[in-house]
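Below: input_0.txt (compact mmCIF, C-alpha atoms)
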# COMPACT_ATOMS: atom_id res chain seq x y z
CA MET A 1 -23.70 12.67 46.33
CA ASN A 2 -23.18 15.40 48.94
CA LYS A 3 -21.61 14.76 52.33
CA ILE A 4 -21.55 17.48 54.97
CA TYR A 5 -19.13 17.66 57.89
CA GLN A 6 -18.97 19.82 61.00
CA ASN A 7 -15.71 21.51 60.09
CA MET A 8 -12.65 21.29 57.86
CA ASN A 9 -10.88 18.83 60.15
CA GLU A 10 -13.73 16.31 59.97
CA LEU A 11 -13.99 16.83 56.23
CA CYS A 12 -10.27 16.17 55.72
CA VAL A 13 -10.38 12.99 57.82
CA ALA A 14 -13.23 11.81 55.59
CA GLY A 15 -11.22 12.84 52.53
CA ALA A 16 -8.19 10.89 53.72
CA ASN A 17 -10.36 7.82 54.28
CA LEU A 18 -11.81 8.22 50.77
CA PHE A 19 -8.32 8.54 49.29
CA VAL A 20 -7.14 5.38 51.03
CA GLU A 21 -10.23 3.38 50.10
CA GLU A 22 -10.09 4.40 46.44
CA ALA A 23 -6.37 3.66 46.24
CA GLN A 24 -6.76 0.23 47.79
CA LYS A 25 -9.65 -0.66 45.48
CA ALA A 26 -7.80 0.47 42.35
CA ILE A 27 -4.62 -1.38 43.28
CA VAL A 28 -6.55 -4.60 43.88
CA ALA A 29 -8.51 -4.19 40.64
CA ARG A 30 -5.85 -2.87 38.26
CA GLY A 31 -2.50 -2.98 40.06
CA ARG A 32 -2.15 0.79 40.28
CA PHE A 33 -3.90 3.94 41.47
CA SER A 34 -3.82 7.27 39.63
CA VAL A 35 -4.82 10.52 41.30
CA ALA A 36 -4.89 14.14 40.15
CA LEU A 37 -4.27 16.63 42.94
CA SER A 38 -5.62 20.13 43.39
CA GLY A 39 -4.21 23.34 44.81
CA GLY A 40 -5.72 25.44 47.58
CA SER A 41 -5.98 25.62 51.35
CA THR A 42 -8.45 22.75 51.80
CA PRO A 43 -6.39 20.31 49.70
CA ARG A 44 -3.30 21.33 51.67
CA ARG A 45 -5.06 20.38 54.87
CA LEU A 46 -6.17 17.09 53.28
CA PHE A 47 -2.62 16.33 52.18
CA GLU A 48 -1.35 17.01 55.69
CA GLU A 49 -3.91 14.53 56.99
CA ILE A 50 -2.95 11.82 54.49
CA ALA A 51 0.71 12.36 55.39
CA LYS A 52 0.00 11.10 58.91
CA LYS A 53 1.26 7.55 59.48
CA GLU A 54 -2.20 6.26 60.36
CA TRP A 55 -3.21 6.90 56.75
CA HIS A 56 -0.16 6.69 54.54
CA GLU A 57 1.11 3.43 56.03
CA LYS A 58 -2.06 1.73 54.72
CA LEU A 59 -0.99 2.36 51.13
CA ASP A 60 1.42 0.77 48.65
CA TRP A 61 3.03 3.94 47.37
CA GLN A 62 5.03 2.02 44.78
CA ARG A 63 1.72 1.59 42.94
CA ILE A 64 0.41 5.14 43.35
CA PHE A 65 0.86 7.65 40.51
CA VAL A 66 0.32 11.36 41.10
CA PHE A 67 -0.81 13.94 38.55
CA TRP A 68 -2.23 17.46 38.84
CA GLY A 69 -5.55 18.85 37.66
CA ASP A 70 -4.10 22.28 37.05
CA GLU A 71 -1.09 24.46 37.70
CA ARG A 72 -0.01 28.07 37.57
CA PHE A 73 2.59 28.91 34.94
CA VAL A 74 5.38 29.33 37.49
CA PRO A 75 8.58 27.42 38.32
CA ALA A 76 8.26 24.40 40.59
CA ASP A 77 9.88 26.23 43.50
CA ASP A 78 7.55 29.24 43.27
CA ALA A 79 5.32 29.83 46.30
CA GLN A 80 2.26 29.77 44.02
CA SER A 81 3.04 26.32 42.61
CA ASN A 82 0.51 23.57 43.29
CA GLN A 83 3.30 21.05 42.88
CA LYS A 84 5.38 22.78 45.57
CA MET A 85 2.44 22.77 47.97
CA ALA A 86 1.75 19.06 47.45
CA ARG A 87 5.39 18.13 47.87
CA GLU A 88 5.70 20.13 51.09
CA SER A 89 2.46 18.90 52.64
CA LEU A 90 2.34 15.26 51.48
CA LEU A 91 4.81 13.81 49.00
CA ARG A 92 7.94 14.47 51.07
CA TYR A 93 6.46 12.39 53.91
CA VAL A 94 5.46 9.25 52.00
CA PRO A 95 7.59 6.57 50.30
CA ILE A 96 6.46 7.32 46.75
CA PRO A 97 9.10 6.88 44.02
CA GLU A 98 9.97 10.12 42.26
CA GLU A 99 9.24 8.46 38.92
CA ASN A 100 5.61 8.05 40.06
CA ILE A 101 5.14 11.82 40.33
CA PHE A 102 4.05 13.68 37.17
CA PRO A 103 3.90 17.45 37.72
CA ILE A 104 2.81 19.86 35.01
CA PRO A 105 6.10 21.13 33.54
CA PHE A 106 7.20 24.76 33.48
CA ALA A 107 8.22 25.14 29.82
CA GLU A 108 8.93 28.14 27.61
CA THR A 109 5.25 29.05 27.28
CA PRO A 110 1.93 27.90 28.79
CA ILE A 111 1.05 26.29 25.44
CA GLU A 112 4.27 24.28 25.47
CA SER A 113 3.68 23.28 29.10
CA ALA A 114 0.22 22.01 28.17
CA GLU A 115 1.51 20.11 25.13
CA LYS A 116 4.27 18.45 27.16
CA TYR A 117 1.86 17.41 29.88
CA GLU A 118 -0.53 15.95 27.36
CA GLU A 119 2.34 13.82 26.04
CA VAL A 120 3.06 12.64 29.59
CA LEU A 121 -0.57 11.60 29.99
CA LYS A 122 -0.60 9.85 26.61
CA GLN A 123 2.44 7.80 27.59
CA PHE A 124 0.77 6.75 30.84
CA PHE A 125 -2.65 6.17 29.23
CA PRO A 126 -1.63 4.94 25.75
CA ASP A 127 -4.85 3.30 24.63
CA SER A 128 -7.46 6.05 24.81
CA TRP A 129 -8.54 9.12 26.76
CA PRO A 130 -7.07 9.03 30.28
CA GLN A 131 -9.18 7.49 33.00
CA ILE A 132 -7.73 8.83 36.23
CA ASP A 133 -9.02 6.91 39.24
CA LEU A 134 -9.53 9.94 41.50
CA ILE A 135 -9.55 13.64 40.67
CA LEU A 136 -9.65 16.13 43.54
CA LEU A 137 -11.23 19.50 42.75
CA GLY A 138 -12.00 22.74 44.53
CA LEU A 139 -14.55 25.44 43.80
CA GLY A 140 -13.72 29.08 43.18
CA PRO A 141 -16.00 31.95 44.25
CA ASP A 142 -16.77 32.56 40.55
CA GLY A 143 -17.74 28.92 39.99
CA HIS A 144 -14.46 27.86 38.41
CA THR A 145 -12.86 24.51 39.08
CA ALA A 146 -9.37 23.28 38.24
CA SER A 147 -8.33 26.27 36.08
CA LEU A 148 -11.50 26.32 34.01
CA PHE A 149 -12.69 29.90 34.48
CA PRO A 150 -15.92 31.56 33.30
CA GLY A 151 -15.35 32.99 29.84
CA SER A 152 -12.13 31.07 29.18
CA ASP A 153 -11.57 29.47 25.78
CA ALA A 154 -10.57 26.34 27.71
CA LEU A 155 -14.24 25.73 28.48
CA ASN A 156 -14.88 24.86 24.84
CA GLU A 157 -11.96 22.46 24.40
CA GLU A 158 -13.11 19.04 23.17
CA THR A 159 -9.98 17.44 21.69
CA ARG A 160 -6.99 18.48 23.79
CA TRP A 161 -6.38 16.78 27.12
CA VAL A 162 -4.50 19.75 28.59
CA CYS A 163 -4.60 23.41 27.60
CA PRO A 164 -3.63 26.88 28.80
CA SER A 165 -6.31 28.90 30.54
CA LYS A 166 -6.28 32.64 31.03
CA THR A 167 -7.99 34.19 34.02
CA LYS A 168 -9.20 37.70 34.74
CA VAL A 169 -7.94 37.48 38.32
CA PRO A 170 -4.43 38.76 39.00
CA GLY A 171 -1.63 36.24 38.74
CA PRO A 172 0.04 33.88 36.30
CA GLU A 173 -1.65 32.13 33.40
CA ARG A 174 -2.81 28.58 34.16
CA ILE A 175 -2.53 25.13 32.63
CA THR A 176 -5.48 22.81 33.17
CA LEU A 177 -6.93 19.42 32.40
CA THR A 178 -9.95 19.82 30.14
CA PHE A 179 -13.55 18.71 30.68
CA PRO A 180 -13.17 15.57 28.50
CA VAL A 181 -10.41 14.37 30.84
CA LEU A 182 -12.05 15.42 34.10
CA ASN A 183 -15.33 13.78 33.13
CA ARG A 184 -13.67 10.44 32.36
CA ALA A 185 -12.39 9.98 35.91
CA GLY A 186 -13.46 7.03 38.02
CA LEU A 187 -14.35 9.41 40.85
CA VAL A 188 -14.37 13.20 40.97
CA CYS A 189 -14.34 14.65 44.47
CA PHE A 190 -15.05 18.32 45.17
CA MET A 191 -13.81 19.55 48.56
CA VAL A 192 -15.30 22.90 49.58
CA THR A 193 -15.06 24.73 52.90
CA GLY A 194 -15.94 28.17 54.26
CA LYS A 195 -18.99 30.41 54.37
CA GLU A 196 -17.63 32.51 51.50
CA LYS A 197 -18.33 29.54 49.21
CA ALA A 198 -21.90 28.97 50.45
CA GLU A 199 -23.73 31.01 47.79
CA MET A 200 -21.80 29.41 44.94
CA VAL A 201 -22.36 25.93 46.40
CA LYS A 202 -26.09 26.73 46.47
CA GLN A 203 -26.01 27.80 42.79
CA ILE A 204 -24.02 24.75 41.67
CA LEU A 205 -26.09 22.21 43.60
CA LYS A 206 -29.58 23.48 42.78
CA PRO A 207 -31.90 20.44 42.84
CA VAL A 208 -33.35 21.26 39.42
CA SER A 209 -31.26 23.23 36.97
CA THR A 210 -30.91 22.89 33.22
CA GLU A 211 -28.67 25.93 32.84
CA LEU A 212 -24.92 25.38 33.12
CA ASN A 213 -23.88 28.86 34.19
CA TYR A 214 -20.68 27.89 35.98
CA PRO A 215 -17.74 25.69 34.95
CA ALA A 216 -18.11 23.48 38.03
CA GLN A 217 -21.61 22.49 36.87
CA ARG A 218 -20.07 20.91 33.79
CA ILE A 219 -18.25 18.30 35.87
CA GLN A 220 -20.52 15.39 35.04
CA PRO A 221 -18.60 12.10 34.94
CA LEU A 222 -19.54 9.94 31.96
CA THR A 223 -19.35 6.61 33.77
CA GLY A 224 -17.66 7.49 37.07
CA GLN A 225 -18.95 9.00 40.28
CA LEU A 226 -19.20 12.56 41.58
CA ILE A 227 -19.05 13.40 45.27
CA TRP A 228 -19.07 16.72 47.13
CA LEU A 229 -17.43 16.95 50.56
CA LEU A 230 -18.60 20.14 52.28
CA ASP A 231 -18.19 21.63 55.70
CA GLN A 232 -21.28 23.10 57.35
CA ALA A 233 -20.23 26.65 56.55
CA ALA A 234 -20.06 25.93 52.82
CA ALA A 235 -23.28 23.89 52.90
CA GLN A 236 -25.39 26.29 54.98
CA LEU A 237 -27.59 27.46 52.08
CA ILE A 238 -28.46 24.06 50.62
CA SER A 239 -31.27 21.85 51.84
Just give me the structure as structure tokens.
Amino acid sequence: MNKIYQNMNELCVAGANLFVEEAQKAIVARGRFSVALSGGSTPRRLFEEIAKKEWHEKLDWQRIFVFWGDERFVPADDAQSNQKMARESLLRYVPIPEENIFPIPFAETPIESAEKYEEVLKQFFPDSWPQIDLILLGLGPDGHTASLFPGSDALNEETRWVCPSKTKVPGPERITLTFPVLNRAGLVCFMVTGKEKAEMVKQILKPVSTELNYPAQRIQPLTGQLIWLLDQAAAQLIS
């Protein structure tokens, strides 16, 4: 399902409404709501929207559990940290218990960070593969999502829940949830804004395509739903 909005502000209001609705449904159905956050400028704006009282006061934050879809291999206080961004834009403003927040750890190595985070997930989801209620994702200009980059060995991972992922772009190595985890979510929501993403959005959302040329095309939930929230700039090349 694709939904197109006039601008980023409208998109983020819709995203906040989606977040609240999914959280309320999950809490009624299962007593808790799990969400995996994303990094990037559009998620930051979404988090700032959810942090407003009109949204966050509708939620029982004692029953909300926060994870991350990916992270850079940097300390938690580093400016590049997805955890730091989410704390500054959302988590510091809402009454969520600290023990409900599960960031990807900064260990000795990216491999160790991935292994430790997989253990965290296995403790929270002890019975089988994790089924996160809502996973928020972005789209890179090269078609990557989370930290699943074209050409990365992480694309072929079928058994690990979390793994390191190297990227050709400058910057730290990454740690990412793998496709088997992402595709078991109850709802996966891509949020994409800006005209610089328009060509890649067009490639990903071709009406008929059997070729999976980009990592984002491999997000195909097994039993859950997939939704794309786009602003008009990002959606300008799709029909």
Next item on the list: Please provide the set of residues having any atom within 9 Å of Thr178 of chain A, restricted to all atoms listed in the file, with same-chain residues fewer than 2 positions apart removed, written as a PyMOL selection string.
Entry: chain A and resi 69+146-148+154-163+176+180-183
At a cut-off of 12 Å, can you tabulate as a Markdown table every residue of segment 144-231 of chain A near segment 22-30 of chain A together with its closest atom pair and the distance in Å to one decimal, using only C-alpha atoms and ordering rows by chain then number?
| residue | atom | partner | partner_atom | distance |
| --- | --- | --- | --- | --- |
| A:Gly186 | CA | A:Glu22 | CA | 9.4 |
| A:Leu187 | CA | A:Glu22 | CA | 8.6 |
| A:Val188 | CA | A:Glu22 | CA | 11.2 |
| A:Cys189 | CA | A:Glu22 | CA | 11.3 |
| A:Gln225 | CA | A:Glu22 | CA | 11.7 |
Notebook entry, point to check: A:Arg184, A:Arg72, A:Lys166, A:Arg63: which is nearest Glu98 of chain A, counting all atoms listed in the file?
Noted result: A:Arg63
Checklist line | For Gly151 of chain A, the nearest of the candidates A:Phe124, A:Thr167, A:Ile204, A:Pro172, counting all atoms listed in the file | finding: A:Thr167
Note to self: Residues proximal to (-6.0, 34.3, 38.8) were defined as those with any atom within 12 Å of that point in the file's coordinates, counting only C-alpha atoms. Which are they, as a VMD selection string?
What the structure shows: chain A and resid 71 to 73 80 140 to 142 144 to 150 152 165 to 175
Margin query: Show me, as a list in words, the residues that have an atom within 9 Å of Asn82 of chain A when counting only C-alpha atoms, minus same-chain residues fewer than 4 positions from it.
Written below: Leu37, Ser38, Gly39, Gly40, Trp68, Asp70, Glu71, Arg72, Ala76, Ala86, Arg87 and Pro103 of chain A
Margin query: Using Å and a single decimal, report how far atom CA of Tyr5 of chain A sits from atom CA of Leu230 of chain A.
Written below: 6.2 Å
Item checked: Point-to-point distance in Å for atom CA of Ala234 of chain A and atom CA of Gly194 of chain A ->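 So the two atoms, atom CA of Gly194 of chain A and atom CA of Ala234 of chain A, lie 4.9 Å apart.
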Next item on the list: Quote the spacing between atom CA of Val35 of chain A and atom CA of Ser113 of chain A in Å to one decimal place.
Entry: 19.6 Å
Margin query: Calculated over all atoms listed in the file, which of the candidates A:Thr223, A:Gln62, A:Asn17, A:Gln123 has the smallest distance to Phe47 of chain A?
Written below: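 Closest candidate: A:Asn17.
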Checklist line | Which of A:Val120, A:Leu134, A:Leu46, A:Leu212 sits closest to Asn100 of chain A [using only C-alpha atoms] | finding: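 Smallest separation from Asn100 of chain A among the options: A:Val120.
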Checklist line | Nearest to Phe33 of chain A by atom-to-atom distance, counting only C-alpha atoms, from A:Ser89, A:Ser81, A:Asn9, A:Gln131 | finding: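 Among the listed residues, A:Gln131 lies closest to Phe33 of chain A.
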Check: Using all atoms listed in the file, which residue out of A:Arg32, A:Lys122, A:His56, A:Arg45 lies closest to Asn7 of chain A?
Finding: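 Of the candidates, the smallest distance to Asn7 of chain A is held by A:Arg45.
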Margin query: Is it possible to get the residues within 12 Å of (-27.6, 26.2, 58.2) (coordinates as in the file, counting only C-alpha atoms) written as a list in words?
Written below: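 Every residue inside that radius is included here: Ile4, Gln6, Lys195, Ala198, Lys202, Asp231, Gln232, Ala233, Ala234, Ala235, Gln236, Leu237, Ile238 and Ser239 of chain A.
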Check: Which polymer residues have any atom within 8 Å of an atom of Pro95 of chain A, counting all atoms listed in the file, with same-chain residues fewer than 2 positions away left out, as a PyMOL selection string?
Finding: chain A and resi 61-62+91-93+97
